[in-house]
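Peer 1: Hey, dropping query_18.csv in here, CSV, C-alpha atoms:
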chain,number,residue,atom,x,y,z
Z,954,MET,CA,3.3,-25.5,-19.1
Z,955,GLN,CA,2.3,-27.2,-15.8
Z,956,PRO,CA,0.8,-24.8,-13.3
Z,957,ASP,CA,3.1,-26.0,-10.6
Z,958,SER,CA,6.3,-26.2,-12.7
Z,959,LEU,CA,9.2,-24.0,-11.6
Z,960,SER,CA,9.3,-22.1,-14.9
Z,961,PHE,CA,5.6,-21.3,-14.7
Z,962,ILE,CA,5.8,-20.1,-11.1
Z,963,PHE,CA,8.7,-17.8,-12.1
Z,964,LEU,CA,6.9,-16.4,-15.2
Z,965,ASN,CA,3.7,-16.0,-13.2
Z,966,ALA,CA,5.3,-13.9,-10.5
Z,967,PHE,CA,7.5,-12.0,-13.0
Z,968,LEU,CA,5.1,-11.1,-15.8
Z,969,ILE,CA,1.6,-12.6,-15.6
Z,970,ASN,CA,0.7,-11.5,-12.1
Z,971,ASN,CA,3.4,-8.8,-11.8
Z,972,PHE,CA,3.5,-7.7,-8.2
Z,973,VAL,CA,3.3,-4.0,-8.9
Z,974,LEU,CA,1.2,-3.8,-12.1
Z,975,ALA,CA,-1.3,-6.6,-11.5
Z,976,LEU,CA,-1.4,-7.2,-7.7
Z,977,PHE,CA,-0.8,-3.5,-6.6
Z,978,LEU,CA,1.9,-4.5,-4.1
Z,979,GLY,CA,4.8,-2.2,-3.3
Z,980,LEU,CA,3.3,0.9,-4.8
Z,981,CYS,CA,4.9,3.3,-2.3
Z,982,PRO,CA,8.5,2.7,-3.5
Z,983,PHE,CA,7.2,2.3,-7.1
Z,984,VAL,CA,6.0,5.9,-7.0
Z,985,GLY,CA,8.6,7.2,-4.6
Z,986,VAL,CA,11.9,5.8,-6.0
Z,987,SER,CA,11.0,5.8,-9.8
Z,988,GLN,CA,12.2,9.3,-10.6
Z,989,LYS,CA,15.6,8.3,-11.9
Z,990,LEU,CA,17.0,5.1,-13.3
Z,991,GLU,CA,20.1,5.3,-11.1
Z,992,THR,CA,18.1,4.9,-7.9
Z,993,ALA,CA,15.5,2.6,-9.3
Z,994,VAL,CA,17.9,-0.2,-10.3
Z,995,PRO,CA,19.7,-0.5,-6.9
Z,996,MET,CA,16.4,-0.4,-5.1
Z,997,GLY,CA,15.1,-3.3,-7.3
Z,998,ILE,CA,18.3,-5.3,-6.5
Z,999,ALA,CA,17.9,-4.7,-2.8
Z,1000,VAL,CA,14.2,-5.9,-3.0
Z,1001,ILE,CA,15.3,-9.1,-4.8
Z,1002,VAL,CA,17.8,-9.9,-2.1
Z,1003,VAL,CA,15.4,-9.1,0.8
Z,1004,MET,CA,12.6,-11.1,-0.9
Z,1005,PHE,CA,14.9,-14.1,-1.3
Z,1006,VAL,CA,16.0,-14.0,2.4
Z,1007,ALA,CA,12.4,-13.4,3.6
Z,1008,SER,CA,11.1,-16.3,1.5
Z,1009,VAL,CA,13.6,-18.7,3.1
Z,1010,CYS,CA,12.8,-17.4,6.6
Z,1011,ALA,CA,9.0,-17.4,6.0
Z,1012,TYR,CA,9.1,-21.0,4.8
Z,1013,ALA,CA,11.0,-22.2,7.9
Z,1014,ILE,CA,8.8,-20.2,10.3
Z,1015,ASN,CA,5.7,-21.6,8.7
Z,1016,LEU,CA,6.9,-25.1,9.3
Z,1017,VAL,CA,7.4,-24.4,13.0
Z,1018,LEU,CA,4.0,-22.6,13.3
Z,1019,VAL,CA,2.1,-25.5,11.6
Z,1020,ARG,CA,4.0,-28.0,13.7
Z,1021,PHE,CA,2.8,-26.4,17.0
Z,1022,GLY,CA,-0.6,-25.4,15.6
Z,1023,ILE,CA,-0.2,-21.7,16.2
Z,1024,GLU,CA,-1.0,-20.3,12.8
Z,1025,TYR,CA,-2.7,-17.3,14.3
Z,1026,LEU,CA,0.8,-15.9,15.1
Z,1027,ARG,CA,1.8,-16.1,11.4
Z,1028,LEU,CA,1.3,-12.4,10.6
Z,1029,ILE,CA,3.2,-11.2,13.7
Z,1030,SER,CA,6.1,-13.6,13.2
Z,1031,TYR,CA,6.4,-12.8,9.4
Z,1032,ILE,CA,6.6,-9.1,9.9
Z,1033,ALA,CA,9.1,-9.5,12.7
Z,1034,VAL,CA,11.2,-11.9,10.5
Z,1035,ILE,CA,11.1,-9.5,7.6
Z,1036,ALA,CA,12.2,-6.6,9.7
Z,1037,SER,CA,15.1,-8.6,11.0
Z,1038,ALA,CA,15.9,-9.9,7.5
Z,1039,VAL,CA,16.1,-6.3,6.3
Z,1040,GLN,CA,18.4,-5.5,9.2
Z,1041,LEU,CA,20.6,-8.5,8.4
Z,1042,VAL,CA,20.9,-7.7,4.7
Z,1043,GLU,CA,21.7,-4.1,5.7
Z,1044,MET,CA,24.5,-5.3,8.0
Z,1045,THR,CA,25.9,-7.8,5.5
Z,1046,ILE,CA,26.0,-5.3,2.6
Z,1047,LYS,CA,27.6,-2.7,4.9
Z,1048,LYS,CA,30.3,-5.3,5.8
Z,1049,PHE,CA,31.1,-6.7,2.4
Z,1050,SER,CA,30.3,-3.8,0.0
Z,1051,PRO,CA,30.3,-0.3,1.5
Z,1052,THR,CA,29.9,1.2,-2.0
Z,1053,LEU,CA,26.6,-0.6,-2.6
Z,1054,PHE,CA,25.5,0.3,0.9
Z,1055,ARG,CA,26.1,4.0,0.2
Z,1056,MET,CA,24.3,3.7,-3.1
Z,1057,LEU,CA,21.1,2.2,-1.5
Z,1058,GLY,CA,21.2,4.6,1.5
Z,1059,ILE,CA,17.8,5.3,3.0
Z,1060,TYR,CA,15.9,2.9,0.8
Z,1061,LEU,CA,17.2,-0.2,2.6
Z,1062,PRO,CA,15.4,0.3,5.9
Z,1063,LEU,CA,12.2,1.4,4.0
Z,1064,ILE,CA,12.0,-2.1,2.5
Z,1065,THR,CA,10.5,-3.3,5.8
Z,1066,THR,CA,7.2,-1.5,5.1
Z,1067,ASN,CA,7.2,-2.6,1.4
Z,1068,CYS,CA,4.0,-4.6,1.1
Z,1069,ALA,CA,5.4,-6.6,-1.8
Z,1070,ILE,CA,7.7,-8.5,0.6
Z,1071,LEU,CA,5.0,-9.5,3.1
Z,1072,GLY,CA,2.6,-10.2,0.3
Z,1073,MET,CA,5.1,-12.5,-1.3
Z,1074,ALA,CA,5.6,-14.4,2.0
Z,1075,LEU,CA,1.8,-14.7,2.5
Z,1076,PHE,CA,1.1,-15.8,-1.0
Z,1077,GLN,CA,3.8,-18.5,-0.9
Z,1078,THR,CA,2.1,-19.8,2.3
Z,1079,PHE,CA,-1.4,-19.7,0.9
Z,1080,ASN,CA,-0.3,-21.5,-2.3
Z,1081,ASP,CA,1.4,-24.3,-0.4
Z,1082,TYR,CA,4.6,-24.0,-2.3
Z,1083,SER,CA,7.4,-26.4,-1.6
Z,1084,PHE,CA,10.8,-25.0,-0.6
Z,1085,GLY,CA,12.2,-24.9,-4.2
Z,1086,GLN,CA,8.9,-23.3,-5.5
Z,1087,SER,CA,9.0,-20.7,-2.8
Z,1088,LEU,CA,12.6,-19.7,-3.7
Z,1089,ILE,CA,11.7,-19.4,-7.4
Z,1090,TYR,CA,8.5,-17.5,-6.6
Z,1091,SER,CA,10.4,-15.0,-4.5
Z,1092,LEU,CA,13.0,-14.5,-7.3
Z,1093,GLY,CA,10.3,-14.0,-9.9
Z,1094,ALA,CA,8.4,-11.5,-7.7
Z,1095,GLY,CA,11.6,-9.6,-7.0
Z,1096,ALA,CA,12.6,-9.5,-10.7
Z,1097,GLY,CA,9.0,-8.4,-11.6
Z,1098,PHE,CA,9.2,-5.6,-9.1
Z,1099,THR,CA,12.6,-4.5,-10.5
Z,1100,LEU,CA,11.3,-4.7,-14.1
Z,1101,ALA,CA,8.2,-2.5,-13.3
Z,1102,LEU,CA,10.3,0.0,-11.3
Z,1103,THR,CA,12.9,0.3,-14.1
Z,1104,LEU,CA,10.3,0.7,-16.9
Z,1105,MET,CA,8.6,3.4,-14.8
Z,1106,ALA,CA,11.8,5.2,-14.1
Z,1107,GLY,CA,12.7,5.2,-17.9
Z,1108,LEU,CA,9.2,6.6,-18.7
Z,1109,ARG,CA,9.4,9.3,-16.0
Z,1110,GLU,CA,12.8,10.4,-17.3
Z,1111,LYS,CA,11.3,11.0,-20.7
Z,1112,LEU,CA,8.3,12.7,-19.0
Z,1113,GLN,CA,10.6,15.5,-17.9
Z,1114,LEU,CA,10.7,16.7,-21.5
Z,1115,ALA,CA,7.0,16.5,-22.1
Z,1116,ASN,CA,4.6,19.4,-22.1
Z,1117,LEU,CA,1.9,18.7,-19.4
Z,1118,PRO,CA,-1.2,20.6,-18.2
Z,1119,ASP,CA,-0.7,22.6,-15.0
Z,1120,SER,CA,-3.0,20.3,-12.9
Z,1121,ALA,CA,-1.1,17.2,-13.9
Z,1122,THR,CA,1.0,16.6,-10.7
Z,1123,ALA,CA,3.8,14.1,-10.7
Z,1124,ALA,CA,1.6,11.6,-8.7
Z,1125,ALA,CA,-1.4,11.8,-11.0
Z,1126,ILE,CA,0.6,11.4,-14.2
Z,1127,SER,CA,2.6,8.5,-12.7
Z,1128,PHE,CA,-0.5,6.6,-12.0
Z,1129,MET,CA,-1.8,7.3,-15.5
Z,1130,LEU,CA,1.5,5.9,-16.8
Z,1131,ALA,CA,1.2,2.9,-14.4
Z,1132,GLY,CA,-2.3,2.3,-15.7
Z,1133,LEU,CA,-1.0,2.1,-19.3
Z,1134,LEU,CA,1.9,-0.1,-18.3
Z,1135,SER,CA,-0.5,-2.4,-16.4
Z,1136,LEU,CA,-2.7,-2.5,-19.6
Z,1137,THR,CA,0.4,-3.6,-21.5
Z,1138,PHE,CA,1.2,-6.3,-18.9
Z,1139,MET,CA,-2.3,-7.7,-19.3
Z,1140,GLY,CA,-1.2,-9.0,-22.6
Z,1141,PHE,CA,0.9,-11.5,-20.8
Z,1142,ALA,CA,-2.2,-13.1,-19.3
Z,1143,GLY,CA,-2.4,-15.5,-22.2
Z,1144,LEU,CA,1.1,-16.8,-21.6
Z,1145,GLY,CA,0.0,-19.2,-18.9
Z,1146,SER,CA,-2.5,-21.3,-20.8
Y,879,MET,CA,-6.9,28.8,8.1
Y,880,ALA,CA,-6.2,27.4,11.6
Y,881,PRO,CA,-3.0,25.6,12.2
Y,882,VAL,CA,-3.3,21.8,12.3
Y,883,SER,CA,-1.3,21.1,15.4
Y,884,ASN,CA,-1.2,23.9,18.0
Y,885,GLY,CA,0.1,21.8,21.0
Y,886,GLU,CA,-3.1,21.9,22.9
Y,887,ASP,CA,-4.4,18.7,24.3
Y,888,THR,CA,-8.1,19.3,23.8
Y,889,PRO,CA,-9.4,17.8,20.6
Y,890,ARG,CA,-10.7,20.4,18.1
Y,891,PHE,CA,-13.1,20.0,15.2
Y,892,ASP,CA,-10.1,20.8,13.0
Y,893,ASN,CA,-8.4,17.6,14.1
Y,894,LEU,CA,-11.3,15.6,12.8
Y,895,THR,CA,-11.8,17.3,9.5
Y,896,SER,CA,-8.2,17.6,8.4
Y,897,GLY,CA,-7.9,13.8,7.9
Y,898,VAL,CA,-11.0,13.7,5.8
Y,899,TRP,CA,-10.2,16.4,3.4
Y,900,ARG,CA,-7.1,18.6,3.7
Y,901,GLU,CA,-4.8,15.7,4.7
Y,902,ASN,CA,-6.7,12.9,3.1
Y,903,PRO,CA,-4.4,9.9,3.3
Y,904,VAL,CA,-5.0,8.6,-0.2
Y,905,PHE,CA,-5.6,11.7,-2.3
Y,906,ILE,CA,-3.3,14.3,-0.7
Y,907,THR,CA,-0.5,12.5,1.2
Y,908,LEU,CA,-0.5,9.4,-1.0
Y,909,LEU,CA,-0.3,6.9,1.8
Y,910,GLY,CA,-1.8,3.4,1.9
Y,911,LEU,CA,-2.2,3.2,-1.9
Y,912,CYS,CA,-1.8,-0.6,-2.2
Y,913,PRO,CA,-5.1,-1.6,-0.6
Y,914,SER,CA,-7.0,1.3,-2.1
Y,915,LEU,CA,-6.3,0.0,-5.5
Y,916,ALA,CA,-6.1,-3.7,-5.0
Y,917,VAL,CA,-9.5,-4.4,-3.6
Y,918,SER,CA,-11.5,-1.4,-4.8
Y,919,ASN,CA,-13.2,-3.0,-7.8
Y,920,THR,CA,-16.6,-2.8,-6.2
Y,921,ALA,CA,-18.2,-0.4,-3.7
Y,922,VAL,CA,-18.8,-3.1,-1.1
Y,923,ASN,CA,-15.2,-4.4,-1.2
Y,924,SER,CA,-13.7,-1.0,-0.9
Y,925,LEU,CA,-16.1,0.0,1.9
Y,926,ALA,CA,-15.2,-3.1,3.9
Y,927,MET,CA,-11.5,-2.6,3.3
Y,928,GLY,CA,-11.8,1.0,4.4
Y,929,LEU,CA,-13.7,0.2,7.6
Y,930,ALA,CA,-11.3,-2.7,8.4
Y,931,SER,CA,-8.3,-0.3,8.1
Y,932,ALA,CA,-10.1,2.4,10.1
Y,933,PHE,CA,-10.8,-0.1,12.9
Y,934,VAL,CA,-7.1,-1.2,13.0
Y,935,LEU,CA,-6.1,2.5,13.0
Y,936,LEU,CA,-8.4,3.4,15.9
Y,937,GLY,CA,-7.4,0.3,17.9
Y,938,SER,CA,-3.7,0.8,17.5
Y,939,THR,CA,-3.9,4.5,18.1
Y,940,PHE,CA,-5.8,3.8,21.3
Y,941,LEU,CA,-3.1,1.4,22.6
Y,942,ILE,CA,-0.1,3.4,21.4
Y,943,SER,CA,-1.4,6.7,22.8
Y,944,LEU,CA,-1.9,5.0,26.2
Y,945,LEU,CA,1.5,3.3,26.1
Y,946,ARG,CA,3.4,6.2,24.6
Y,947,ASN,CA,5.4,6.8,27.8
Y,948,ALA,CA,6.0,3.1,28.4
Y,949,ILE,CA,7.5,2.3,25.0
Y,950,PRO,CA,11.3,3.0,24.7
Y,951,LYS,CA,12.2,5.2,21.8
Y,952,GLN,CA,14.7,2.7,20.3
Y,953,VAL,CA,12.2,-0.1,19.8
Y,954,ARG,CA,9.1,2.1,19.1
Y,955,ILE,CA,8.7,1.1,15.4
Y,956,ALA,CA,8.9,-2.6,16.2
Y,957,SER,CA,6.4,-2.2,19.0
Y,958,TYR,CA,4.0,-0.3,16.8
Y,959,ILE,CA,4.2,-3.0,14.1
Y,960,ILE,CA,3.4,-5.7,16.7
Y,961,ILE,CA,0.4,-3.7,18.0
Y,962,ILE,CA,-0.9,-3.1,14.5
Y,963,ALA,CA,-0.3,-6.8,13.6
Y,964,THR,CA,-2.4,-7.8,16.6
Y,965,PHE,CA,-5.4,-5.7,15.6
Y,966,VAL,CA,-5.0,-6.9,12.0
Y,967,THR,CA,-5.1,-10.5,13.1
Y,968,VAL,CA,-8.3,-9.7,15.1
Y,969,VAL,CA,-9.9,-8.1,12.0
Y,970,ASP,CA,-8.8,-11.0,9.8
Y,971,TYR,CA,-10.5,-13.6,12.0
Y,972,ALA,CA,-13.6,-11.3,12.5
Y,973,ILE,CA,-14.2,-10.9,8.7
Y,974,HIS,CA,-13.6,-14.6,8.2
Y,975,ALA,CA,-16.3,-15.4,10.8
Y,976,ILE,CA,-18.8,-12.7,9.6
Y,977,SER,CA,-18.7,-13.2,5.8
Y,978,LEU,CA,-16.8,-15.8,4.0
Y,979,GLU,CA,-17.7,-14.3,0.6
Y,980,LEU,CA,-16.1,-11.0,1.6
Y,981,TYR,CA,-13.1,-12.8,3.1
Y,982,ASN,CA,-12.5,-14.5,-0.2
Y,983,ALA,CA,-12.9,-11.3,-2.2
Y,984,LEU,CA,-10.4,-9.4,0.0
Y,985,GLY,CA,-8.0,-12.3,0.3
Y,986,ALA,CA,-4.5,-11.6,1.6
Y,987,PHE,CA,-5.1,-7.9,1.5
Y,988,ILE,CA,-6.7,-8.0,4.9
Y,989,GLN,CA,-3.5,-9.2,6.4
Y,990,LEU,CA,-1.6,-6.7,4.3
Y,991,ILE,CA,-3.2,-3.9,6.3
Y,992,VAL,CA,-0.3,-4.4,8.6
Y,993,VAL,CA,2.1,-2.8,6.2
Y,994,ASN,CA,-0.3,0.0,5.2
Y,995,CYS,CA,2.0,3.0,5.6
Y,996,MET,CA,-1.0,5.2,6.4
Y,997,ILE,CA,-1.5,3.4,9.7
Y,998,LEU,CA,2.2,3.3,10.7
Y,999,GLY,CA,2.5,6.9,9.7
Y,1000,ARG,CA,-0.4,8.1,11.8
Y,1001,CYS,CA,0.9,6.1,14.8
Y,1002,GLU,CA,4.4,7.5,14.5
Y,1003,ALA,CA,3.4,11.1,13.7
Y,1004,HIS,CA,0.4,11.5,15.9
Y,1005,ALA,CA,-0.6,8.8,18.3
Y,1006,SER,CA,2.9,8.6,19.9
Y,1007,LYS,CA,2.9,12.3,20.6
Y,1008,ASN,CA,-0.6,13.2,21.8
Y,1009,ARG,CA,-2.9,12.4,24.6
Y,1010,LEU,CA,-5.7,9.9,24.1
Y,1011,PRO,CA,-8.7,12.1,23.2
Y,1012,LYS,CA,-6.8,14.2,20.6
Y,1013,ALA,CA,-5.1,11.1,19.1
Y,1014,MET,CA,-8.4,9.3,18.8
Y,1015,VAL,CA,-10.2,12.2,17.1
Y,1016,ASN,CA,-7.4,12.5,14.6
Y,1017,ALA,CA,-7.4,8.7,14.0
Y,1018,LEU,CA,-11.2,8.9,13.5
Y,1019,GLY,CA,-10.9,11.6,10.9
Y,1020,THR,CA,-8.1,9.9,9.0
Y,1021,GLY,CA,-9.9,6.6,9.1
Y,1022,ALA,CA,-13.0,8.3,7.7
Y,1023,GLY,CA,-11.0,10.0,5.1
Y,1024,PHE,CA,-9.4,6.7,4.0
Y,1025,THR,CA,-12.7,4.9,3.9
Y,1026,LEU,CA,-14.2,7.8,1.9
Y,1027,ALA,CA,-11.3,7.8,-0.6
Y,1028,LEU,CA,-11.6,4.0,-1.1
Y,1029,PHE,CA,-15.3,4.3,-1.5
Y,1030,MET,CA,-14.9,7.0,-4.2
Y,1031,VAL,CA,-12.5,4.9,-6.2
Y,1032,GLY,CA,-14.5,1.7,-5.7
Y,1033,SER,CA,-17.9,3.2,-6.7
Y,1034,ILE,CA,-16.5,4.6,-9.9
Y,1035,ARG,CA,-14.9,1.3,-10.8
Y,1036,GLU,CA,-18.1,-0.6,-10.0
Y,1037,ILE,CA,-20.4,1.8,-11.9
Y,1038,LEU,CA,-18.3,1.8,-15.0
Y,1039,GLY,CA,-17.0,-1.8,-14.8
Y,1040,PHE,CA,-20.2,-3.7,-13.9
Y,1041,GLY,CA,-22.9,-1.0,-14.5
Y,1042,THR,CA,-24.1,-1.5,-10.9
Y,1043,PHE,CA,-23.9,0.3,-7.6
Y,1044,PHE,CA,-23.9,-1.9,-4.5
Y,1045,GLY,CA,-25.1,-4.7,-6.8
Y,1046,VAL,CA,-28.1,-2.7,-8.1
Y,1047,SER,CA,-28.2,-2.4,-11.8
Y,1048,LEU,CA,-28.1,1.3,-12.9
Y,1049,PHE,CA,-28.3,1.5,-16.7
Y,1050,GLY,CA,-30.5,-1.4,-17.7
Y,1051,ALA,CA,-29.6,-4.5,-19.8
Y,1052,GLY,CA,-28.3,-2.6,-22.8
Y,1053,PHE,CA,-25.3,-1.1,-21.0
Y,1054,GLN,CA,-22.0,-2.1,-22.4
Y,1055,THR,CA,-19.7,-2.5,-19.4
Y,1056,TRP,CA,-16.2,-1.2,-19.5
Y,1057,ALA,CA,-14.4,-4.4,-18.2
Y,1058,ILE,CA,-11.1,-2.4,-18.1
Y,1059,PHE,CA,-12.2,-0.6,-14.9
Y,1060,ILE,CA,-12.6,-3.8,-12.8
Y,1061,LEU,CA,-9.2,-5.0,-14.1
Y,1062,PRO,CA,-5.9,-3.8,-12.6
Y,1063,PRO,CA,-5.3,-0.9,-15.1
Y,1064,GLY,CA,-8.7,0.6,-14.2
Y,1065,GLY,CA,-7.6,1.0,-10.6
Y,1066,PHE,CA,-4.6,3.1,-11.6
Y,1067,ILE,CA,-6.5,5.1,-14.1
Y,1068,VAL,CA,-9.4,6.0,-11.8
Y,1069,LEU,CA,-7.1,7.0,-9.0
Y,1070,SER,CA,-5.1,9.1,-11.4
Y,1071,LEU,CA,-8.3,10.8,-12.6
Y,1072,TRP,CA,-9.3,11.6,-9.0
Y,1073,LEU,CA,-5.8,13.0,-8.3
Y,1074,LEU,CA,-6.1,15.2,-11.4
Y,1075,LEU,CA,-9.5,16.5,-10.2
Y,1076,PHE,CA,-8.2,17.2,-6.7
Y,1077,SER,CA,-5.1,19.0,-8.0
Y,1078,TYR,CA,-7.3,21.0,-10.3
Y,1079,ILE,CA,-9.6,22.1,-7.5
Y,1080,GLU,CA,-6.6,22.8,-5.2
Y,1081,ARG,CA,-5.1,25.0,-7.9
Y,1082,ARG,CA,-8.3,26.9,-8.5
Y,1083,ARG,CA,-8.7,27.5,-4.8
Y,1084,ALA,CA,-5.1,28.6,-4.4
Y,1085,ALA,CA,-5.5,31.0,-7.3
Y,1086,ASN,CA,-8.7,32.5,-5.8
Y,1087,THR,CA,-7.4,32.9,-2.3
Y,1088,GLY,CA,-4.1,34.2,-3.6
Y,1089,HIS,CA,-6.0,36.8,-5.6
Y,1090,ILE,CA,-8.0,37.9,-2.5
Y,1091,ALA,CA,-4.9,37.9,-0.3
Y,1092,GLY,CA,-3.0,39.9,-2.9
Y,1093,GLY,CA,-5.8,42.4,-3.1
Y,1094,ALA,CA,-5.9,42.8,0.7
Y,1095,HIS,CA,-2.2,43.5,0.7
Y,1096,ALA,CA,-2.5,46.1,-1.9
Y,1097,THR,CA,-5.1,48.0,0.0
Can the structure from this file be put into structure tokens for me?

Peer 2:
Amino acid sequence: MQPDSLSFIFLNAFLINNFVLALFLGLCPFVGVSQKLETAVPMGIAVIVVMFVASVCAYAINLVLVRFGIEYLRLISYIAVIASAVQLVEMTIKKFSPTLFRMLGIYLPLITTNCAILGMALFQTFNDYSFGQSLIYSLGAGAGFTLALTLMAGLREKLQLANLPDSATAAAISFMLAGLLSLTFMGFAGLGS
Amino acid sequence: MAPVSNGEDTPRFDNLTSGVWRENPVFITLLGLCPSLAVSNTAVNSLAMGLASAFVLLGSTFLISLLRNAIPKQVRIASYIIIIATFVTVVDYAIHAISLELYNALGAFIQLIVVNCMILGRCEAHASKNRLPKAMVNALGTGAGFTLALFMVGSIREILGFGTFFGVSLFGAGFQTWAIFILPPGGFIVLSLWLLLFSYIERRRAANTGHIAGGAHAT
């Protein structure tokens, strides 16, 4: 596969350099929202939507910043754009699907401080992706986040039945599981060559 | 044990130490985990990341504590983020100027300090409610605790993964390095082991003090 082909960019963000398990982005929701599958899946979908919107906005903003030579404002404008994108997505969902809105609840506003979103926007800028590549990259990153969150939630539901030592708190055992998952995902590293 | 926040404006020693140990941002409250794992594959990187975050925390605490009566409640989170982003941009350019090697090793994660929930959490929970000296002392303690935690994760990963400590070889040429510890899974596993150790110590201490307190009650 060509390194800049669309399918490779998607696979790269989805599996090879999975945002959670290889790049350590978005760990707070990964640990916080992965107790049950029924919260993990809507959270993942919300992240995919926000990432897509943020990717479009970040691409447009970067064009403006480069045009006027004010790249030092990149970080401030990106974070402002992401915060407004989250607000916009929240209002849209509230208007068109109140059911989904109630399902996501508190997790929607929290997406603003999810470093996976800002990370995705920064990486697409650093990699000089074209508009189409940026969109595919954001979809792959969102899908990868959802995949990791869903896998983790499934594992933690099984963990309820396991017999653990007293000192093994939920956080410690989650990170051990994440380490094993991450080890598994390293197997995808050969996929790119 | 003295209460953490007693409403007094004078900074106490307790304000400084609570961030380092009892409310350590990484090990106890589990905030700011992304940078603590992503760039902690060597002691130098983790120390640089910790110091950069601590600087951003101190700077934004200083501004937010000064401006806490000027910022309207409704837009406070947005204002905090803008203030934090400003300091992160300063740090980003400073590291770029000081050491290009370090800048390349840390990569986008310097800019990602802006979404470090440890910093926003401290600003929201402490700097916006306290006078300057107390807020600064607390930020200093939390920054030190964060740096220490990153350093603890980073040193273990470097010692086991490279067989070195700050680039100095520890075990001689025959040492078989555990490459897994400098790869992503190692970050998760080392942090998990530290968390297990902390929770074990905490349980032991709780059991001991509980025993003593129970005895005192009985008499």

Peer 1: Using all atoms listed in the file, select each residue of chain Z with any atom at most 10 Å away from an atom of chain Y, and give the selection as an MDAnalysis selection string.

Peer 2: chainID Z and resid 973:981 984 1025:1033 1036 1065:1072 1075:1076 1079 1118:1139

Peer 1: Between Y:Thr939, Y:Thr1042, Y:Thr1055, Y:Ser1047, which has the minimum distance to Ala921 of chain Y (counting all atoms listed in the file)?

Peer 2: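 Ranking Y:Thr939, Y:Thr1042, Y:Thr1055, Y:Ser1047 by distance to Ala921 of chain Y, first place goes to Y:Thr1042.
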
Peer 1: Would you work out the distance separating atom CA of Ser931 of chain Y from atom CA of Arg1000 of chain Y, expressed in Å to one decimal?

Peer 2: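 We find that atom CA of Ser931 of chain Y and atom CA of Arg1000 of chain Y lie 12.1 Å from each other.
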
Peer 1: Counting all atoms listed in the file, write as a VMD selection string all protein and nucleic acid residues lying at most 8 Å from (7.8, -3.4, -12.3) in the file's frame.

Peer 2: chain Z and resid 971 to 974 983 1096 to 1105

Peer 1: Could you state the separation of atom CA of Gly1019 of chain Y and atom CA of Gly897 of chain Y in Å, given to one decimal place?

Peer 2: 4.8 Å

Peer 1: Using all atoms listed in the file, which residues sit within 7 Å of segment 1020-1035 of chain Y once same-chain residues fewer than 5 positions away are excluded, as number ranges by chain?

Peer 2: Y: 897-899, 902-904, 914, 918-921, 924-925, 928-929, 932, 935, 1043, 1059-1060, 1068-1069

Peer 1: Taking only C-alpha atoms into account, name the residue in Z:Gly1140, Z:Ile998, Z:Thr1078, Z:Ala1011 that is nearest to Ile1046 of chain Z.

Peer 2: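 Among Z:Gly1140, Z:Ile998, Z:Thr1078, Z:Ala1011, it is Z:Ile998 that comes nearest to Ile1046 of chain Z.
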
Peer 1: Figure out the distance between atom CA of Phe933 of chain Y and atom CA of Val969 of chain Y, please, to one decimal in Å.

Peer 2: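 Taking atom CA of Val969 of chain Y as the start and atom CA of Phe933 of chain Y as the end point, the length is 8.1 Å.
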
Peer 1: Counting only C-alpha atoms, note down every residue that has an atom within 9 Å of the point (12.1, -13.3, -8.3) (file coordinates), as an MDAnalysis selection string.

Peer 2: chainID Z and resid 963 966:967 1001 1004:1005 1088:1098

Peer 1: Just the residues within 12 Å of Asn1080 of chain Z, please, counting all atoms listed in the file, with nothing from its chain fewer than 6 positions along; format it as a ChimeraX atom specification.

Peer 2: /Z:956-957,962,1012,1072-1074,1086-1087,1090 /Y:986

Peer 1: Generate N, CA, C and O atoms for segment 894-899 of chain Y and emit them as a PDB file, in the coordinates of the input.

Peer 2:
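Generated output (part39.pdb):
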ATOM      1  N   LEU Y 894     -10.516  16.602  13.448  1.00  0.00           N
ATOM      2  CA  LEU Y 894     -11.300  15.600  12.800  1.00  0.00           C
ATOM      3  C   LEU Y 894     -11.407  15.795  11.317  1.00  0.00           C
ATOM      4  O   LEU Y 894     -11.238  14.859  10.544  1.00  0.00           O
ATOM      5  N   THR Y 895     -11.603  17.043  10.891  1.00  0.00           N
ATOM      6  CA  THR Y 895     -11.800  17.300   9.500  1.00  0.00           C
ATOM      7  C   THR Y 895     -10.566  17.229   8.644  1.00  0.00           C
ATOM      8  O   THR Y 895     -10.618  16.919   7.464  1.00  0.00           O
ATOM      9  N   SER Y 896      -9.408  17.517   9.255  1.00  0.00           N
ATOM     10  CA  SER Y 896      -8.200  17.600   8.400  1.00  0.00           C
ATOM     11  C   SER Y 896      -7.899  16.245   7.783  1.00  0.00           C
ATOM     12  O   SER Y 896      -7.442  16.190   6.650  1.00  0.00           O
ATOM     13  N   GLY Y 897      -8.155  15.143   8.511  1.00  0.00           N
ATOM     14  CA  GLY Y 897      -7.900  13.800   7.900  1.00  0.00           C
ATOM     15  C   GLY Y 897      -8.819  13.480   6.811  1.00  0.00           C
ATOM     16  O   GLY Y 897      -8.484  12.715   5.922  1.00  0.00           O
ATOM     17  N   VAL Y 898     -10.036  14.047   6.862  1.00  0.00           N
ATOM     18  CA  VAL Y 898     -11.000  13.700   5.800  1.00  0.00           C
ATOM     19  C   VAL Y 898     -10.705  14.414   4.532  1.00  0.00           C
ATOM     20  O   VAL Y 898     -10.740  13.825   3.461  1.00  0.00           O
ATOM     21  N   TRP Y 899     -10.373  15.691   4.606  1.00  0.00           N
ATOM     22  CA  TRP Y 899     -10.200  16.400   3.400  1.00  0.00           C
ATOM     23  C   TRP Y 899      -8.842  16.964   3.133  1.00  0.00           C
ATOM     24  O   TRP Y 899      -8.151  16.541   2.210  1.00  0.00           O
TER      25      TRP Y 899
END
